[in-house]
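S.K.: Structure provided below as structure tokens; questions to follow.
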Amino acid sequence: GDSVTQMEGPVTLSEEAFLTINCTYTATGYPSLFWYVQYPGEGLQLLLKATKADDKGSNKGFEATYRKETTSFHLEKGSVQVSDSAVYFCALSGGYGGSQGNLIFGKGTKLSVKP
Amino acid sequence: DAGVTQSPTHLIKTRGQQVTLRCSPKSGHDTVSWYQQALGQGPQFIFQYYEEEERQRGNFPDRFSGHQFPNYSSELNVNALLLGDSALYLCASSFGQTGRRETQYFGPGTRLLVL
């Protein structure tokens, strides 16, 4: 079935450091890919998405490119801030292996940014 | 524009009891999905409602049931609660029977503790 694997956390960075959170997926068909963010005590917020190969999603300085050849959707930000501290989830939807209309999530990566 | 709302925010129950959680979708949305997020894990898909019918279901037992009302709001019912049902329950809404391109918007969640 469809699945998402993302790098284990926690990740601790200093303010203004470069961020990469790796995400790879397994899916049949042509899934859409998403990054969601969850701040402490809150629900999930959509950060960015890409719906086809080579699309780049971007929002609030975060970027991720849908790479079909490497089945990856890595999240990057050039300069993180303390306010970016949160848990980040990679997800897919629309594959033929059980995610046709629902989201399948990775386990999440906790990011802590120190001043 | 009201986002997805859920009630209650927190709930404490004992084993064997039954619980009902409620969700109102984002304005203009007609599809509601429910997810269970155990502590430290990614959300797991429970089921999806569209046009007042359950359209998709994840790998959850029949103790988990739901309903969608004509105004698109939804309820999640869990019978015979187990300790393992303790989790954050997230509701997500979208427009149209969700295909791969539709973004799901999440509510803040209901945190259920089973003692």
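Every chain in the structure tokens takes a letter, A first, then B, and so on in the order presented; its residues are numbered from 1, and the ligands are numbered from 1 following the presented order.
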Go through chain A residue by residue and, counting only C-alpha atoms, keep those with an atom at most 9 Å from chain B; for each kept residue give the shortest atom pair and its distance in Å to one decimal, ordered by chain and increasing number, as a tab-separated table.

M.R.:
residue	atom	partner	partner_atom	distance
A:Tyr30	CA	B:Arg100	CA	8.4
A:Pro31	CA	B:Arg100	CA	6.3
A:Ser32	CA	B:Arg100	CA	5.8
A:Leu33	CA	B:Arg100	CA	9.0
A:Phe34	CA	B:Thr103	CA	8.7
A:Gly41	CA	B:Pro108	CA	8.2
A:Glu42	CA	B:Pro108	CA	5.3
A:Gly43	CA	B:Pro108	CA	4.0
A:Leu44	CA	B:Phe106	CA	5.7
A:Gln45	CA	B:Phe106	CA	6.7
A:Leu46	CA	B:Tyr105	CA	7.1
A:Lys49	CA	B:Thr103	CA	8.4
A:Ala50	CA	B:Arg101	CA	8.7
A:Thr51	CA	B:Arg101	CA	6.3
A:Phe89	CA	B:Gly42	CA	7.1
A:Leu92	CA	B:Arg100	CA	8.4
A:Ser93	CA	B:Arg100	CA	5.2
A:Gly94	CA	B:Arg100	CA	3.9
A:Gly95	CA	B:Arg100	CA	7.6
A:Gly98	CA	B:Gly58	CA	8.5
A:Ser99	CA	B:Arg100	CA	8.3
A:Gln100	CA	B:Arg100	CA	6.3
A:Gly101	CA	B:Gly99	CA	5.0
A:Asn102	CA	B:Phe45	CA	6.9
A:Leu103	CA	B:Phe45	CA	7.0
A:Ile104	CA	B:Gln44	CA	7.1
A:Phe105	CA	B:Gly42	CA	5.6
A:Gly106	CA	B:Gly42	CA	5.8
A:Lys107	CA	B:Gly42	CA	4.4
A:Gly108	CA	B:Gly42	CA	5.9

S.K.: Using only C-alpha atoms, determine which residues lie at most 10 Å from Lys110 (chain A), disregarding the query and same-chain residues fewer than 4 positions distant; provide the list as a VMD selection string.

M.R.: (chain A and resid 7 to 12 21 37 to 39 85 to 89) or (chain B and resid 40)

S.K.: Could the residues in this selection be written to a file with all heavy atoms, as a tab-separated table (two decimals), in the first residue's frame?

M.R.:
chain	number	residue	atom	x	y	z
A	7	MET	N	12.35	11.65	7.81
A	7	MET	CA	13.50	11.51	8.70
A	7	MET	C	13.06	11.60	10.15
A	7	MET	O	12.13	12.33	10.51
A	7	MET	CB	14.56	12.56	8.39
A	7	MET	CG	14.14	13.98	8.60
A	7	MET	SD	15.40	15.13	8.03
A	7	MET	CE	16.64	14.98	9.31
A	8	GLU	N	13.77	10.83	10.97
A	8	GLU	CA	13.48	10.81	12.39
A	8	GLU	C	13.94	12.13	13.01
A	8	GLU	O	14.94	12.70	12.62
A	8	GLU	CB	14.22	9.65	13.06
A	8	GLU	CG	13.79	8.28	12.56
A	8	GLU	CD	12.53	7.80	13.24
A	8	GLU	OE1	12.26	8.24	14.37
A	8	GLU	OE2	11.80	6.98	12.64
A	9	GLY	N	13.23	12.56	14.01
A	9	GLY	CA	13.68	13.73	14.75
A	9	GLY	C	14.18	13.32	16.13
A	9	GLY	O	14.40	12.14	16.37
A	10	PRO	N	14.30	14.25	17.05
A	10	PRO	CA	14.11	15.68	16.78
A	10	PRO	C	15.30	16.31	16.05
A	10	PRO	O	16.40	15.78	16.10
A	10	PRO	CB	13.94	16.26	18.17
A	10	PRO	CG	14.72	15.34	19.05
A	10	PRO	CD	14.60	13.97	18.45
A	11	VAL	N	15.01	17.40	15.38
A	11	VAL	CA	16.04	18.19	14.72
A	11	VAL	C	16.17	19.50	15.49
A	11	VAL	O	15.18	20.19	15.72
A	11	VAL	CB	15.65	18.49	13.25
A	11	VAL	CG1	16.65	19.45	12.62
A	11	VAL	CG2	15.55	17.20	12.46
A	12	THR	N	17.39	19.83	15.89
A	12	THR	CA	17.65	21.06	16.63
A	12	THR	C	18.60	21.93	15.82
A	12	THR	O	19.69	21.46	15.44
A	12	THR	CB	18.24	20.78	18.02
A	12	THR	OG1	17.34	19.93	18.75
A	12	THR	CG2	18.46	22.07	18.78
A	21	ILE	N	14.31	18.64	5.76
A	21	ILE	CA	13.65	17.46	6.33
A	21	ILE	C	13.32	16.53	5.17
A	21	ILE	O	12.59	16.90	4.25
A	21	ILE	CB	12.36	17.83	7.10
A	21	ILE	CG1	12.67	18.79	8.24
A	21	ILE	CG2	11.70	16.56	7.64
A	21	ILE	CD1	11.43	19.24	9.01
A	37	VAL	N	2.12	21.33	9.08
A	37	VAL	CA	2.85	21.70	10.28
A	37	VAL	C	1.89	21.71	11.46
A	37	VAL	O	0.72	22.10	11.33
A	37	VAL	CB	3.56	23.07	10.11
A	37	VAL	CG1	2.56	24.18	9.81
A	37	VAL	CG2	4.36	23.42	11.35
A	38	GLN	N	2.39	21.24	12.60
A	38	GLN	CA	1.57	21.20	13.82
A	38	GLN	C	2.33	21.90	14.93
A	38	GLN	O	3.37	21.43	15.38
A	38	GLN	CB	1.26	19.76	14.21
A	38	GLN	CG	0.28	19.62	15.36
A	38	GLN	CD	-0.13	18.17	15.59
A	38	GLN	OE1	0.67	17.26	15.45
A	38	GLN	NE2	-1.40	17.96	15.94
A	39	TYR	N	1.79	23.04	15.38
A	39	TYR	CA	2.37	23.76	16.51
A	39	TYR	C	1.85	23.15	17.81
A	39	TYR	O	0.79	22.52	17.82
A	39	TYR	CB	2.03	25.24	16.41
A	39	TYR	CG	2.63	25.88	15.19
A	39	TYR	CD1	1.87	26.12	14.05
A	39	TYR	CD2	3.98	26.24	15.14
A	39	TYR	CE1	2.41	26.68	12.91
A	39	TYR	CE2	4.54	26.80	14.01
A	39	TYR	CZ	3.74	27.01	12.89
A	39	TYR	OH	4.29	27.56	11.77
A	85	SER	N	9.62	26.47	15.12
A	85	SER	CA	9.65	25.29	15.98
A	85	SER	C	8.26	24.65	16.00
A	85	SER	O	7.27	25.29	16.37
A	85	SER	CB	10.07	25.67	17.40
A	85	SER	OG	11.38	26.20	17.40
A	86	ALA	N	8.20	23.39	15.59
A	86	ALA	CA	6.91	22.70	15.43
A	86	ALA	C	7.21	21.27	14.98
A	86	ALA	O	8.37	20.89	14.81
A	86	ALA	CB	6.04	23.40	14.39
A	87	VAL	N	6.15	20.50	14.77
A	87	VAL	CA	6.29	19.17	14.18
A	87	VAL	C	5.82	19.24	12.73
A	87	VAL	O	4.74	19.78	12.46
A	87	VAL	CB	5.47	18.11	14.95
A	87	VAL	CG1	5.65	16.74	14.31
A	87	VAL	CG2	5.90	18.07	16.41
A	88	TYR	N	6.62	18.71	11.82
A	88	TYR	CA	6.32	18.76	10.39
A	88	TYR	C	5.98	17.37	9.89
A	88	TYR	O	6.69	16.39	10.15
A	88	TYR	CB	7.53	19.33	9.64
A	88	TYR	CG	7.76	20.79	9.97
A	88	TYR	CD1	8.41	21.16	11.13
A	88	TYR	CD2	7.27	21.79	9.13
A	88	TYR	CE1	8.59	22.51	11.46
A	88	TYR	CE2	7.44	23.13	9.44
A	88	TYR	CZ	8.10	23.47	10.61
A	88	TYR	OH	8.26	24.80	10.93
A	89	PHE	N	4.86	17.29	9.16
A	89	PHE	CA	4.38	16.01	8.62
A	89	PHE	C	4.36	16.05	7.10
A	89	PHE	O	3.79	16.96	6.50
A	89	PHE	CB	2.97	15.72	9.11
A	89	PHE	CG	2.86	15.42	10.57
A	89	PHE	CD1	2.55	16.43	11.46
A	89	PHE	CD2	3.06	14.13	11.06
A	89	PHE	CE1	2.44	16.16	12.83
A	89	PHE	CE2	2.96	13.85	12.41
A	89	PHE	CZ	2.65	14.88	13.29
B	40	GLY	N	2.83	11.36	19.58
B	40	GLY	CA	4.11	11.15	18.91
B	40	GLY	C	4.03	10.48	17.55
B	40	GLY	O	5.06	10.11	16.98

S.K.: What residues in chain A get the DSSP label strand (DSSP E or B)? Please answer as an MDAnalysis selection string.

M.R.: chainID A and resid 3:6 11:14 19:21 23:26 29:38 44:50 56:59 62:65 67 72 75:77 86:95 104:105 109:114

S.K.: Leaving out Leu83 (chain B) and any residue of its chain fewer than 2 positions from it, which residues lie within 10 Å of it when counting only C-alpha atoms, given as a ChimeraX atom specification?

M.R.: /B:13-16,81,85-87,113-115

S.K.: Which neighbours of Glu54 (chain B) fall inside 9 Å, counting only C-alpha atoms, when residues of the same chain fewer than 4 positions from it are skipped, and could you give them as a PyMOL selection string?

M.R.: chain B and resi 47-50+66-68

S.K.: Within 8 Å of Ser65 (chain B), counting only C-alpha atoms, which residues qualify if same-chain residues fewer than 4 places away don't, as a ChimeraX atom specification?

M.R.: /B:76-78

S.K.: Find the residue from B:Pro25, B:Leu112, B:Phe69, B:Gln6 that sits nearest to Leu82 (chain B); use only C-alpha atoms when measuring.

M.R.: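 Comparing B:Pro25, B:Leu112, B:Phe69, B:Gln6 against Leu82 (chain B), the winner is B:Leu112.
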
S.K.: What's the 6 Å shell around Ala53 (chain A), counting only C-alpha atoms, without same-chain residues fewer than 5 positions away, as a CSV table (one decimal) with N, CA and C atoms, in the first residue's frame?

M.R.:
chain,number,residue,atom,x,y,z
A,66,TYR,N,8.5,18.1,-6.0
A,66,TYR,CA,8.0,16.7,-6.2
A,66,TYR,C,8.9,16.1,-7.2
A,67,ARG,N,9.7,15.1,-6.7
A,67,ARG,CA,10.6,14.4,-7.5
A,67,ARG,C,10.2,12.9,-7.7
A,68,LYS,N,9.6,12.7,-8.9
A,68,LYS,CA,9.1,11.3,-9.2
A,68,LYS,C,10.2,10.3,-9.3
